[in-house]
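my_file-v4.cif follows (mmCIF, C-alpha atoms (C1' of nucleotides)):
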data_structure
#
loop_
_atom_site.label_atom_id
_atom_site.label_comp_id
_atom_site.auth_asym_id
_atom_site.auth_seq_id
_atom_site.Cartn_x
_atom_site.Cartn_y
_atom_site.Cartn_z
CA MET A 1 6.26 -8.68 3.68
CA SER A 2 9.16 -7.36 1.68
CA LEU A 3 10.65 -4.28 3.30
CA LYS A 4 13.34 -6.78 4.28
CA HIS A 5 13.89 -7.55 0.62
CA ALA A 6 13.83 -3.93 -0.48
CA ILE A 7 16.58 -3.32 2.10
CA LEU A 8 18.53 -6.29 0.77
CA VAL A 9 18.36 -4.89 -2.76
CA LEU A 10 19.64 -1.49 -1.58
CA LEU A 11 22.43 -2.91 0.59
CA GLU A 12 23.53 -5.28 -2.17
CA THR A 13 24.24 -2.25 -4.37
CA GLU A 14 26.05 -0.42 -1.57
CA PRO A 15 26.43 -0.95 2.19
CA GLY A 16 24.90 1.73 4.42
CA SER A 17 23.36 2.69 7.76
CA GLY A 18 19.68 2.86 8.67
CA TYR A 19 19.69 6.56 8.05
CA ASP A 20 21.34 6.08 4.66
CA LEU A 21 18.60 3.64 3.74
CA LEU A 22 15.92 6.08 4.84
CA LYS A 23 17.37 8.69 2.50
CA ARG A 24 17.76 6.25 -0.36
CA PHE A 25 14.13 5.17 -0.03
CA ARG A 26 13.03 8.78 0.00
CA GLU A 27 15.30 10.02 -2.77
CA HIS A 28 15.48 7.15 -5.22
CA MET A 29 12.56 4.87 -4.43
CA GLY A 30 10.00 7.37 -3.18
CA TYR A 31 7.73 6.52 -6.03
CA PHE A 32 7.54 2.80 -5.40
CA TRP A 33 8.64 2.18 -1.84
CA ASN A 34 7.97 4.05 1.39
CA ALA A 35 9.23 3.21 4.86
CA SER A 36 9.57 5.15 8.11
CA HIS A 37 12.81 5.24 10.08
CA GLN A 38 11.30 3.16 12.89
CA GLN A 39 10.34 0.48 10.42
CA ILE A 40 13.80 0.44 8.88
CA TYR A 41 15.65 0.16 12.21
CA GLN A 42 13.31 -2.62 13.34
CA GLN A 43 13.90 -4.60 10.19
CA LEU A 44 17.67 -4.04 10.29
CA LYS A 45 17.71 -5.39 13.84
CA TRP A 46 15.73 -8.45 12.77
CA MET A 47 17.87 -9.02 9.68
CA HIS A 48 21.05 -8.70 11.72
CA GLU A 49 19.80 -11.25 14.27
CA ALA A 50 18.78 -13.56 11.43
CA GLY A 51 22.33 -13.42 10.07
CA TRP A 52 21.39 -11.68 6.82
CA LEU A 53 23.48 -8.62 7.65
CA GLU A 54 26.83 -7.85 9.19
CA ALA A 55 27.21 -4.57 11.10
CA SER A 56 30.29 -2.44 11.60
CA THR A 57 30.21 0.51 13.98
CA GLU A 58 31.74 3.78 12.86
CA PRO A 59 32.36 6.04 15.88
CA GLN A 60 31.56 9.72 15.34
CA GLN A 61 32.25 12.69 17.56
CA GLY A 62 29.19 14.29 19.18
CA LYS A 63 26.76 12.07 17.28
CA PRO A 64 25.64 8.50 18.01
CA ASP A 65 27.72 5.83 16.32
CA ARG A 66 26.84 5.07 12.73
CA LYS A 67 26.08 1.40 12.18
CA VAL A 68 26.92 0.38 8.65
CA TYR A 69 25.30 -2.80 7.43
CA GLU A 70 26.25 -5.06 4.56
CA LEU A 71 25.00 -8.41 3.25
CA THR A 72 26.35 -11.69 4.55
CA PRO A 73 26.38 -14.70 2.21
CA GLN A 74 23.10 -15.78 3.88
CA GLY A 75 21.63 -12.35 3.15
CA HIS A 76 22.67 -12.66 -0.47
CA GLU A 77 21.06 -16.08 -0.60
CA ALA A 78 17.83 -14.77 0.92
CA LEU A 79 17.77 -12.02 -1.72
CA LEU A 80 18.27 -14.43 -4.61
CA ALA A 81 15.58 -16.74 -3.21
CA TRP A 82 13.13 -13.84 -3.00
CA LEU A 83 13.94 -12.68 -6.54
CA ALA A 84 13.18 -16.17 -7.82
CA GLU A 85 9.69 -16.20 -6.26
CA THR A 86 6.62 -15.33 -8.32
CA SER A 87 5.30 -11.95 -7.29
CA LYS A 88 1.74 -11.00 -6.47
CA PRO A 89 0.15 -7.91 -8.03
CA GLU A 90 0.71 -4.69 -6.12
CA LYS A 91 -1.78 -4.00 -3.36
CA ILE A 92 -3.15 -0.50 -3.79
CA ASN A 93 -4.93 1.32 -0.99
CA ASP A 94 -5.48 4.90 -2.02
CA SER A 95 -7.58 6.86 0.43
CA LEU A 96 -7.81 9.90 -1.86
CA LEU A 97 -9.97 7.83 -4.21
CA VAL A 98 -12.14 6.54 -1.38
CA ARG A 99 -12.68 10.15 -0.36
CA LEU A 100 -13.58 11.09 -3.91
CA TYR A 101 -15.91 8.09 -4.23
CA GLY A 102 -17.87 9.61 -1.36
CA GLY A 103 -17.73 13.06 -2.98
CA HIS A 104 -21.51 13.52 -2.84
CA LEU A 105 -21.13 13.90 0.94
CA ARG A 106 -18.56 16.67 0.58
CA ASP A 107 -18.35 20.30 -0.29
CA THR A 108 -17.00 20.77 -3.85
CA GLU A 109 -14.60 23.43 -2.57
CA ASN A 110 -13.15 20.90 -0.16
CA ILE A 111 -12.56 18.40 -2.96
CA ARG A 112 -10.99 21.06 -5.16
CA ALA A 113 -8.64 22.09 -2.35
CA GLU A 114 -7.62 18.50 -1.67
CA MET A 115 -6.94 17.89 -5.35
CA ALA A 116 -4.93 21.12 -5.60
CA HIS A 117 -2.84 20.11 -2.61
CA HIS A 118 -2.04 16.70 -4.04
CA ARG A 119 -1.39 18.22 -7.46
CA THR A 120 1.33 20.39 -5.97
CA LEU A 121 3.00 17.34 -4.45
CA TYR A 122 2.79 15.39 -7.70
CA GLU A 123 4.18 18.31 -9.71
CA GLN A 124 7.14 18.61 -7.35
CA ASN A 125 7.63 14.90 -7.62
CA ARG A 126 7.53 15.02 -11.43
CA ALA A 127 10.13 17.81 -11.50
CA ALA A 128 12.42 15.80 -9.21
CA LEU A 129 12.07 12.64 -11.30
CA LEU A 130 12.64 14.46 -14.61
CA SER A 131 15.76 16.05 -13.19
CA ILE A 132 17.10 12.63 -12.15
CA GLU A 133 16.33 11.40 -15.66
CA GLN A 134 18.30 14.27 -17.22
CA HIS A 135 21.19 13.39 -14.99
CA TYR A 136 21.01 9.75 -16.10
CA LEU A 137 20.79 10.63 -19.81
CA ALA A 138 23.91 12.78 -19.50
CA LEU A 139 25.97 9.83 -18.24
CA PRO A 140 28.38 7.99 -20.55
CA LYS A 141 26.95 4.81 -22.10
CA ALA A 142 28.86 2.50 -19.76
CA GLU A 143 27.39 4.20 -16.68
CA GLN A 144 23.92 4.16 -18.23
CA GLN A 145 24.29 0.43 -18.71
CA ARG A 146 25.15 0.05 -15.04
CA TYR A 147 22.03 1.85 -13.85
CA ARG A 148 19.68 0.47 -16.50
CA PHE A 149 17.36 -1.28 -14.04
CA PRO A 150 17.01 1.63 -11.62
CA TYR A 151 16.36 3.73 -14.73
CA LEU A 152 13.44 1.50 -15.71
CA THR A 153 11.91 2.04 -12.28
CA LEU A 154 12.43 5.78 -12.71
CA ARG A 155 10.51 5.64 -16.00
CA ARG A 156 7.68 3.94 -14.15
CA GLY A 157 7.65 6.82 -11.67
CA ILE A 158 7.56 9.40 -14.44
CA LEU A 159 4.77 7.73 -16.46
CA SER A 160 2.82 7.17 -13.30
CA VAL A 161 3.04 10.74 -12.04
CA GLU A 162 2.11 12.05 -15.49
CA ALA A 163 -0.92 9.77 -15.59
CA TRP A 164 -1.98 11.10 -12.19
CA LEU A 165 -1.70 14.69 -13.41
CA ASP A 166 -3.70 13.89 -16.57
CA TRP A 167 -6.39 12.43 -14.37
CA ALA A 168 -6.33 15.47 -12.10
CA ASP A 169 -7.01 17.62 -15.18
CA GLU A 170 -10.06 15.49 -15.94
CA VAL A 171 -11.29 15.82 -12.36
CA ASP A 172 -10.87 19.61 -12.42
CA ALA A 173 -12.75 19.87 -15.72
CA PHE A 174 -15.48 17.68 -14.26
CA LEU A 175 -15.81 19.75 -11.08
CA ASN A 176 -16.09 22.92 -13.14
CA HIS A 177 -18.90 21.58 -15.35
CA PRO A 178 -21.25 19.81 -12.96
CA MET B 1 -5.89 3.42 8.98
CA SER B 2 -8.89 3.82 6.77
CA LEU B 3 -10.36 0.47 5.80
CA LYS B 4 -12.96 1.49 8.39
CA HIS B 5 -13.66 4.63 6.38
CA ALA B 6 -13.73 2.84 3.05
CA ILE B 7 -16.36 0.54 4.58
CA LEU B 8 -18.31 3.55 5.84
CA VAL B 9 -18.34 5.04 2.34
CA LEU B 10 -19.63 1.79 0.84
CA LEU B 11 -22.28 1.23 3.52
CA GLU B 12 -23.46 4.83 3.30
CA THR B 13 -24.34 4.20 -0.36
CA GLU B 14 -26.07 0.92 0.43
CA PRO B 15 -26.24 -1.38 3.49
CA GLY B 16 -24.70 -4.81 3.10
CA SER B 17 -23.00 -7.83 4.68
CA GLY B 18 -19.30 -8.50 5.02
CA TYR B 19 -19.42 -10.69 1.98
CA ASP B 20 -21.23 -7.99 0.00
CA LEU B 21 -18.46 -5.56 0.93
CA LEU B 22 -15.79 -8.03 -0.14
CA LYS B 23 -17.42 -8.25 -3.56
CA ARG B 24 -17.87 -4.50 -3.86
CA PHE B 25 -14.21 -3.92 -3.04
CA ARG B 26 -13.21 -6.47 -5.63
CA GLU B 27 -15.61 -5.43 -8.36
CA HIS B 28 -15.84 -1.68 -8.04
CA MET B 29 -12.83 -0.56 -6.02
CA GLY B 30 -10.28 -3.18 -7.01
CA TYR B 31 -8.11 -0.55 -8.56
CA PHE B 32 -7.81 1.65 -5.48
CA TRP B 33 -8.74 -0.44 -2.48
CA ASN B 34 -7.98 -4.02 -1.55
CA ALA B 35 -9.04 -5.89 1.54
CA SER B 36 -9.29 -9.56 2.49
CA HIS B 37 -12.41 -11.08 3.98
CA GLN B 38 -10.72 -11.56 7.36
CA GLN B 39 -9.84 -7.91 7.49
CA ILE B 40 -13.37 -6.85 6.59
CA TYR B 41 -15.04 -9.05 9.22
CA GLN B 42 -12.58 -7.86 11.88
CA GLN B 43 -13.26 -4.22 11.08
CA LEU B 44 -17.03 -4.75 10.94
CA LYS B 45 -16.88 -6.30 14.41
CA TRP B 46 -14.87 -3.34 15.71
CA MET B 47 -17.14 -0.81 14.04
CA HIS B 48 -20.24 -2.51 15.42
CA GLU B 49 -18.80 -2.50 18.94
CA ALA B 50 -17.86 1.16 18.53
CA GLY B 51 -21.48 1.97 17.64
CA TRP B 52 -20.75 3.04 14.07
CA LEU B 53 -22.85 0.25 12.59
CA GLU B 54 -26.15 -1.44 13.31
CA ALA B 55 -26.51 -5.09 12.37
CA SER B 56 -29.59 -7.03 11.38
CA THR B 57 -29.48 -10.79 11.01
CA GLU B 58 -31.14 -12.37 7.98
CA PRO B 59 -31.64 -16.10 8.61
CA GLN B 60 -30.99 -18.33 5.59
CA GLN B 61 -31.63 -22.01 5.14
CA GLY B 62 -28.54 -24.21 5.00
CA LYS B 63 -26.12 -21.26 5.08
CA PRO B 64 -24.89 -19.21 8.02
CA ASP B 65 -27.00 -16.15 8.79
CA ARG B 66 -26.29 -13.09 6.72
CA LYS B 67 -25.48 -10.08 8.88
CA VAL B 68 -26.47 -6.89 7.13
CA TYR B 69 -24.83 -3.74 8.44
CA GLU B 70 -25.85 -0.14 8.05
CA LEU B 71 -24.59 3.17 9.42
CA THR B 72 -25.81 4.54 12.74
CA PRO B 73 -25.89 8.33 13.20
CA GLN B 74 -22.50 7.98 14.96
CA GLY B 75 -21.14 6.10 11.96
CA HIS B 76 -22.36 8.83 9.67
CA GLU B 77 -20.70 11.39 11.91
CA ALA B 78 -17.41 9.45 11.89
CA LEU B 79 -17.55 9.36 8.09
CA LEU B 80 -18.13 13.10 7.77
CA ALA B 81 -15.34 13.81 10.26
CA TRP B 82 -12.95 11.65 8.24
CA LEU B 83 -13.95 13.30 4.96
CA ALA B 84 -13.18 16.69 6.49
CA GLU B 85 -9.63 15.68 7.46
CA THR B 86 -6.68 16.56 5.23
CA SER B 87 -5.39 13.48 3.52
CA LYS B 88 -1.82 12.27 3.27
CA PRO B 89 -0.35 11.21 -0.06
CA GLU B 90 -0.86 7.59 -1.00
CA LYS B 91 1.73 5.20 0.37
CA ILE B 92 3.01 3.05 -2.45
CA ASN B 93 4.90 -0.19 -1.85
CA ASP B 94 5.33 -1.98 -5.14
CA SER B 95 7.49 -5.05 -4.90
CA LEU B 96 7.57 -5.59 -8.68
CA LEU B 97 9.66 -2.43 -8.96
CA VAL B 98 11.98 -3.46 -6.14
CA ARG B 99 12.50 -6.72 -7.99
CA LEU B 100 13.22 -4.88 -11.23
CA TYR B 101 15.58 -2.48 -9.42
CA GLY B 102 17.65 -5.55 -8.57
CA GLY B 103 17.37 -6.83 -12.14
CA HIS B 104 21.15 -7.21 -12.54
CA LEU B 105 20.92 -10.16 -10.13
CA ARG B 106 18.29 -11.88 -12.22
CA ASP B 107 17.98 -13.84 -15.38
CA THR B 108 16.47 -11.70 -18.16
CA GLU B 109 14.08 -14.52 -19.05
CA ASN B 110 12.78 -14.47 -15.48
CA ILE B 111 12.12 -10.72 -15.67
CA ARG B 112 10.40 -11.09 -19.04
CA ALA B 113 8.17 -13.85 -17.69
CA GLU B 114 7.23 -11.81 -14.62
CA MET B 115 6.40 -8.80 -16.77
CA ALA B 116 4.33 -10.93 -19.14
CA HIS B 117 2.39 -12.37 -16.22
CA HIS B 118 1.58 -8.96 -14.79
CA ARG B 119 0.76 -7.64 -18.24
CA THR B 120 -1.94 -10.27 -18.62
CA LEU B 121 -3.47 -9.22 -15.31
CA TYR B 122 -3.38 -5.52 -16.23
CA GLU B 123 -4.90 -6.21 -19.64
CA GLN B 124 -7.75 -8.15 -18.07
CA ASN B 125 -8.19 -5.33 -15.61
CA ARG B 126 -8.27 -2.74 -18.39
CA ALA B 127 -10.92 -4.69 -20.29
CA ALA B 128 -13.07 -4.91 -17.17
CA LEU B 129 -12.73 -1.20 -16.40
CA LEU B 130 -13.48 -0.17 -20.01
CA SER B 131 -16.57 -2.35 -19.98
CA ILE B 132 -17.81 -0.68 -16.78
CA GLU B 133 -17.16 2.68 -18.42
CA GLN B 134 -19.25 1.73 -21.47
CA HIS B 135 -22.03 0.72 -19.13
CA TYR B 136 -21.84 4.07 -17.37
CA LEU B 137 -21.77 6.08 -20.60
CA ALA B 138 -24.92 4.30 -21.78
CA LEU B 139 -26.88 5.46 -18.72
CA PRO B 140 -29.37 8.35 -18.94
CA LYS B 141 -27.93 11.72 -17.85
CA ALA B 142 -29.67 11.66 -14.46
CA GLU B 143 -28.13 8.31 -13.58
CA GLN B 144 -24.73 9.48 -14.79
CA GLN B 145 -25.03 12.46 -12.46
CA ARG B 146 -25.75 10.11 -9.58
CA TYR B 147 -22.61 8.05 -10.15
CA ARG B 148 -20.34 10.94 -11.14
CA PHE B 149 -17.90 10.49 -8.25
CA PRO B 150 -17.49 6.73 -8.63
CA TYR B 151 -17.01 7.44 -12.35
CA LEU B 152 -14.09 9.76 -11.59
CA THR B 153 -12.43 6.99 -9.61
CA LEU B 154 -13.04 4.64 -12.54
CA ARG B 155 -11.27 7.09 -14.85
CA ARG B 156 -8.32 7.03 -12.47
CA GLY B 157 -8.24 3.26 -12.75
CA ILE B 158 -8.31 3.39 -16.54
CA LEU B 159 -5.59 6.04 -16.90
CA SER B 160 -3.49 4.25 -14.36
CA VAL B 161 -3.72 0.83 -15.99
CA GLU B 162 -2.97 2.35 -19.40
CA ALA B 163 0.10 4.09 -17.98
CA TRP B 164 1.29 0.76 -16.57
CA LEU B 165 0.88 -0.93 -19.95
CA ASP B 166 2.75 1.91 -21.72
CA TRP B 167 5.56 1.44 -19.24
CA ALA B 168 5.56 -2.32 -19.78
CA ASP B 169 6.07 -1.66 -23.51
CA GLU B 170 9.12 0.45 -22.67
CA VAL B 171 10.50 -2.29 -20.44
CA ASP B 172 10.01 -4.92 -23.14
CA ALA B 173 11.75 -2.75 -25.73
CA PHE B 174 14.59 -2.21 -23.29
CA LEU B 175 15.00 -5.89 -22.50
CA ASN B 176 15.13 -6.68 -26.23
CA HIS B 177 17.88 -4.11 -26.93
CA PRO B 178 20.36 -4.52 -24.09
"C1'" DT C 1 18.60 34.38 19.94
"C1'" DA C 2 15.21 31.15 19.48
"C1'" DA C 3 13.39 27.91 16.46
"C1'" DT C 4 13.66 24.59 13.13
"C1'" DC C 5 15.85 21.22 10.30
"C1'" DA C 6 19.14 17.54 9.40
"C1'" DT C 7 21.95 13.94 11.28
"C1'" DA C 8 21.67 9.47 13.80
"C1'" DT C 9 19.64 5.87 16.55
"C1'" DG C 10 16.37 3.27 19.13
"C1'" DC C 11 12.34 1.32 22.55
"C1'" DA C 12 7.49 0.41 23.68
"C1'" DA C 13 2.73 0.16 22.88
"C1'" DT C 14 -0.83 -0.04 19.83
"C1'" DT C 15 -3.04 -0.81 15.55
"C1'" DT C 16 -3.38 -3.07 11.24
"C1'" DT C 17 -2.61 -6.73 8.14
"C1'" DT C 18 -1.50 -11.39 6.93
"C1'" DT C 19 -1.61 -16.30 7.34
"C1'" DG C 20 -3.63 -20.41 8.64
"C1'" DC C 21 -7.41 -22.79 10.16
"C1'" DA C 22 -12.46 -24.00 10.53
"C1'" DT C 23 -17.33 -24.83 9.13
"C1'" DA C 24 -21.15 -25.79 5.77
"C1'" DA C 25 -24.03 -26.08 1.67
"C1'" DC C 26 -25.15 -25.12 -3.09
"C1'" DT C 27 -23.74 -24.86 -8.19
"C1'" DG C 28 -21.55 -25.89 -12.53
"C1'" DG C 29 -18.48 -28.40 -15.33
"C1'" DA C 30 -15.15 -32.42 -16.76
"C1'" DT D 1 -19.52 -38.31 -9.59
"C1'" DC D 2 -15.86 -35.73 -8.01
"C1'" DC D 3 -13.68 -31.31 -8.02
"C1'" DA D 4 -13.51 -26.59 -8.02
"C1'" DG D 5 -15.71 -22.44 -7.19
"C1'" DT D 6 -19.11 -19.40 -4.87
"C1'" DT D 7 -21.72 -18.13 -0.89
"C1'" DA D 8 -21.18 -16.89 4.08
"C1'" DT D 9 -18.93 -16.27 8.42
"C1'" DG D 10 -15.46 -16.20 11.91
"C1'" DC D 11 -11.19 -17.17 15.47
"C1'" DA D 12 -6.28 -17.15 16.70
"C1'" DA D 13 -1.58 -16.25 16.11
"C1'" DA D 14 2.02 -14.04 13.90
"C1'" DA D 15 4.00 -10.41 11.28
"C1'" DA D 16 4.22 -5.73 9.89
"C1'" DA D 17 3.32 -0.89 10.30
"C1'" DT D 18 2.14 3.20 12.93
"C1'" DT D 19 2.36 6.34 16.73
"C1'" DG D 20 4.53 8.31 20.51
"C1'" DC D 21 8.42 8.92 23.06
"C1'" DA D 22 13.48 9.63 23.90
"C1'" DT D 23 18.30 11.40 23.19
"C1'" DA D 24 22.00 14.61 21.35
"C1'" DT D 25 24.61 17.77 18.29
"C1'" DG D 26 25.51 20.93 14.42
"C1'" DA D 27 23.85 24.11 10.89
"C1'" DT D 28 20.82 27.32 9.10
"C1'" DT D 29 17.39 30.85 9.20
"C1'" DA D 30 13.93 34.13 10.79
#
Turn this file's structure into structure tokens for me.
Amino acid sequence: MSLKHAILVLLETEPGSGYDLLKRFREHMGYFWNASHQQIYQQLKWMHEAGWLEASTEPQQGKPDRKVYELTPQGHEALLAWLAETSKPEKINDSLLVRLYGGHLRDTENIRAEMAHHRTLYEQNRAALLSIEQHYLALPKAEQQRYRFPYLTLRRGILSVEAWLDWADEVDAFLNHP
Amino acid sequence: MSLKHAILVLLETEPGSGYDLLKRFREHMGYFWNASHQQIYQQLKWMHEAGWLEASTEPQQGKPDRKVYELTPQGHEALLAWLAETSKPEKINDSLLVRLYGGHLRDTENIRAEMAHHRTLYEQNRAALLSIEQHYLALPKAEQQRYRFPYLTLRRGILSVEAWLDWADEVDAFLNHP
DNA sequence: TAATCATATGCAATTTTTTGCATAACTGGA
DNA sequence: TCCAGTTATGCAAAAAATTGCATATGATTA
């Protein structure tokens, strides 16, 4: 219900194309928001038709034209209205945990392998997030002030990934002492 | 894509009605799986038509009949096939963080109130999870062994909620020292 | 040199989820 | 006694997300 609003937040900071948004979701919001390119282009189309966004076409040689979107006053209004709403708690659907819940039906080796695979992904993710944090902490105070809210979301990502890894340690210990 | 499989896992442990499943999701899987009653009844209908489930109708006086579902051999097969698949990382879409990312457009009081509201929910959740854990730890060893996989998912819930609360402390400190 | 990855966009069909409505009785508290 | 909550199920429509397909070029790498 709020990919539209996530897009509004990103475009309010800086105008961009669908592809730009895809990269921003992946690079800066990967921990708390995920969207496919199809989803993004669909929503941009809808938002443009609804008058939330204005599009300007940048011709490029050899490649399809880049469509750069930015907020209209109506888009800005829609964003402020959404920010004023009361939010519902996050809806979590984590299939890894469903699969572990049914662990008695599985081979322990299979569980171990799945955990190891996810651990690798989480460790890569942690490294990426910590590197972004280092970059932020090296900024002058004025710049830090500017990115203070994105930084808070980054901290959430870091604490969350670390909690996952702590849990994975518990699971490994558990699987080794049945 | 896997509410069907979450239902299979629950029904494999113990047959039940749609309403039973709703309660089990809420009470035991609330941390990692959420589904509405409409969604559950729709999926049960599909799964029954697909031959994954067998239904028996328990007449009740005054109330609509209770339909108790249990796995057919095909349902069991579908579950095992799903458990053997390699799983994708969890898809997280957390609107609270999108809203915080755009915090510069908001009133600090509004952010504080939203955080306080979610904190209350997480604290209640933590208390509930810790109480289930105490219950588990009081069980005789044999019973603990039986519920070892659900217990691992419970630990995930606990670590995860605690990480959220730690983060909320950071956010509060941050909002008080701008 | 072939294959893959990154850039850049989009349609169409299907599946999944959400929202709104509908029914009906029992139970506990203000 | 009324009101809210719990038990118990479901349909229909709309919105959102996924999957599969389609196009086209430039850069890197095996």
On this structure, the PyMOL selection byres ((chain D and resi 5) around 9) would catch which residues? List them as a ChimeraX atom specification, sorted by chain and number.
/C:27-28 /D:4,6
With 10 Å as the limit and counting only C-alpha atoms (C1' of nucleotides), what residues in chain C lie close to chain A? Please list them as a PDB file with C-alpha atoms (C1' of nucleotides), keeping the file's coordinate frame.
ATOM      1  C1'  DT C   7      21.950  13.940  11.280  1.00  0.00           C
ATOM      2  C1'  DA C   8      21.670   9.470  13.800  1.00  0.00           C
ATOM      3  C1'  DT C   9      19.640   5.870  16.550  1.00  0.00           C
ATOM      4  C1'  DG C  10      16.370   3.270  19.130  1.00  0.00           C
ATOM      5  C1'  DC C  11      12.340   1.320  22.550  1.00  0.00           C
ATOM      6  C1'  DT C  18      -1.500 -11.390   6.930  1.00  0.00           C
TER       7       DT C  18
END
Using 8 Å as the limit and counting all atoms listed in the file, can you tabulate each residue of chain D that touches chain A, with its shortest atom-to-atom distance in Å and the two atoms involved, as JSON lines?
{"residue": "D:DA16", "atom": "C1'", "partner": "A:Met1", "partner_atom": "CA", "distance": 7.2}
{"residue": "D:DA17", "atom": "C1'", "partner": "A:Gln39", "partner_atom": "CA", "distance": 7.2}
{"residue": "D:DA24", "atom": "C1'", "partner": "A:Lys63", "partner_atom": "CA", "distance": 6.8}
{"residue": "D:DT25", "atom": "C1'", "partner": "A:Gly62", "partner_atom": "CA", "distance": 5.8}
Excluding Asp107 (chain A) and its own-chain neighbours fewer than 4 positions away, which residues fall within 12 Å of it when counting all atoms listed in the file? Please give them as a compact mmCIF listing (two decimals) with C-alpha atoms, keeping the file's coordinate frame.
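Here's the written file part_38.txt:
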# COMPACT_ATOMS: atom_id res chain seq x y z
CA ARG A 99 -12.68 10.15 -0.36
CA LEU A 100 -13.58 11.09 -3.91
CA GLY A 102 -17.87 9.61 -1.36
CA GLY A 103 -17.73 13.06 -2.98
CA ILE A 111 -12.56 18.40 -2.96
CA ARG A 112 -10.99 21.06 -5.16
CA ALA A 113 -8.64 22.09 -2.35
CA GLU A 114 -7.62 18.50 -1.67
CA LEU A 175 -15.81 19.75 -11.08
CA LEU B 80 -18.13 13.10 7.77
CA LEU B 83 -13.95 13.30 4.96
CA ALA B 84 -13.18 16.69 6.49
Just to confirm, what's the straight-line distance from CA of Lys91 (chain A) to CA of Lys91 (chain B) in Å (one decimal)?
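Between CA of Lys91 (chain A) and CA of Lys91 (chain B) the gap is 10.5 Å.
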From the options A:Glu90, A:Glu143, A:Glu123, A:Asp169, which residue's atoms come nearest to chain B, counting all atoms listed in the file?
A:Glu90
Looking at A:Glu58, A:Asp94, A:Asp172, A:Glu162, which one is nearest to chain B, with distances taken over only C-alpha atoms?
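Ranked by minimum distance to chain B, first place goes to A:Asp94.
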Convert the output of the PyMOL selection byres ((chain A and resi 97) around 9) on the shown file into explicit residues, formatted as a list in words.
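That expression, the PyMOL selection byres ((chain A and resi 97) around 9), corresponds here to Asn93, Asp94, Ser95, Leu96, Val98, Arg99, Leu100, Tyr101 and Gly102 of chain A; Phe32, Trp33, Pro150, Leu152, Thr153 and Arg156 of chain B.
Taking CA of Gly16 (chain B) and CA of Glu133 (chain B) as endpoints, the distance between them is 24.0 Å.
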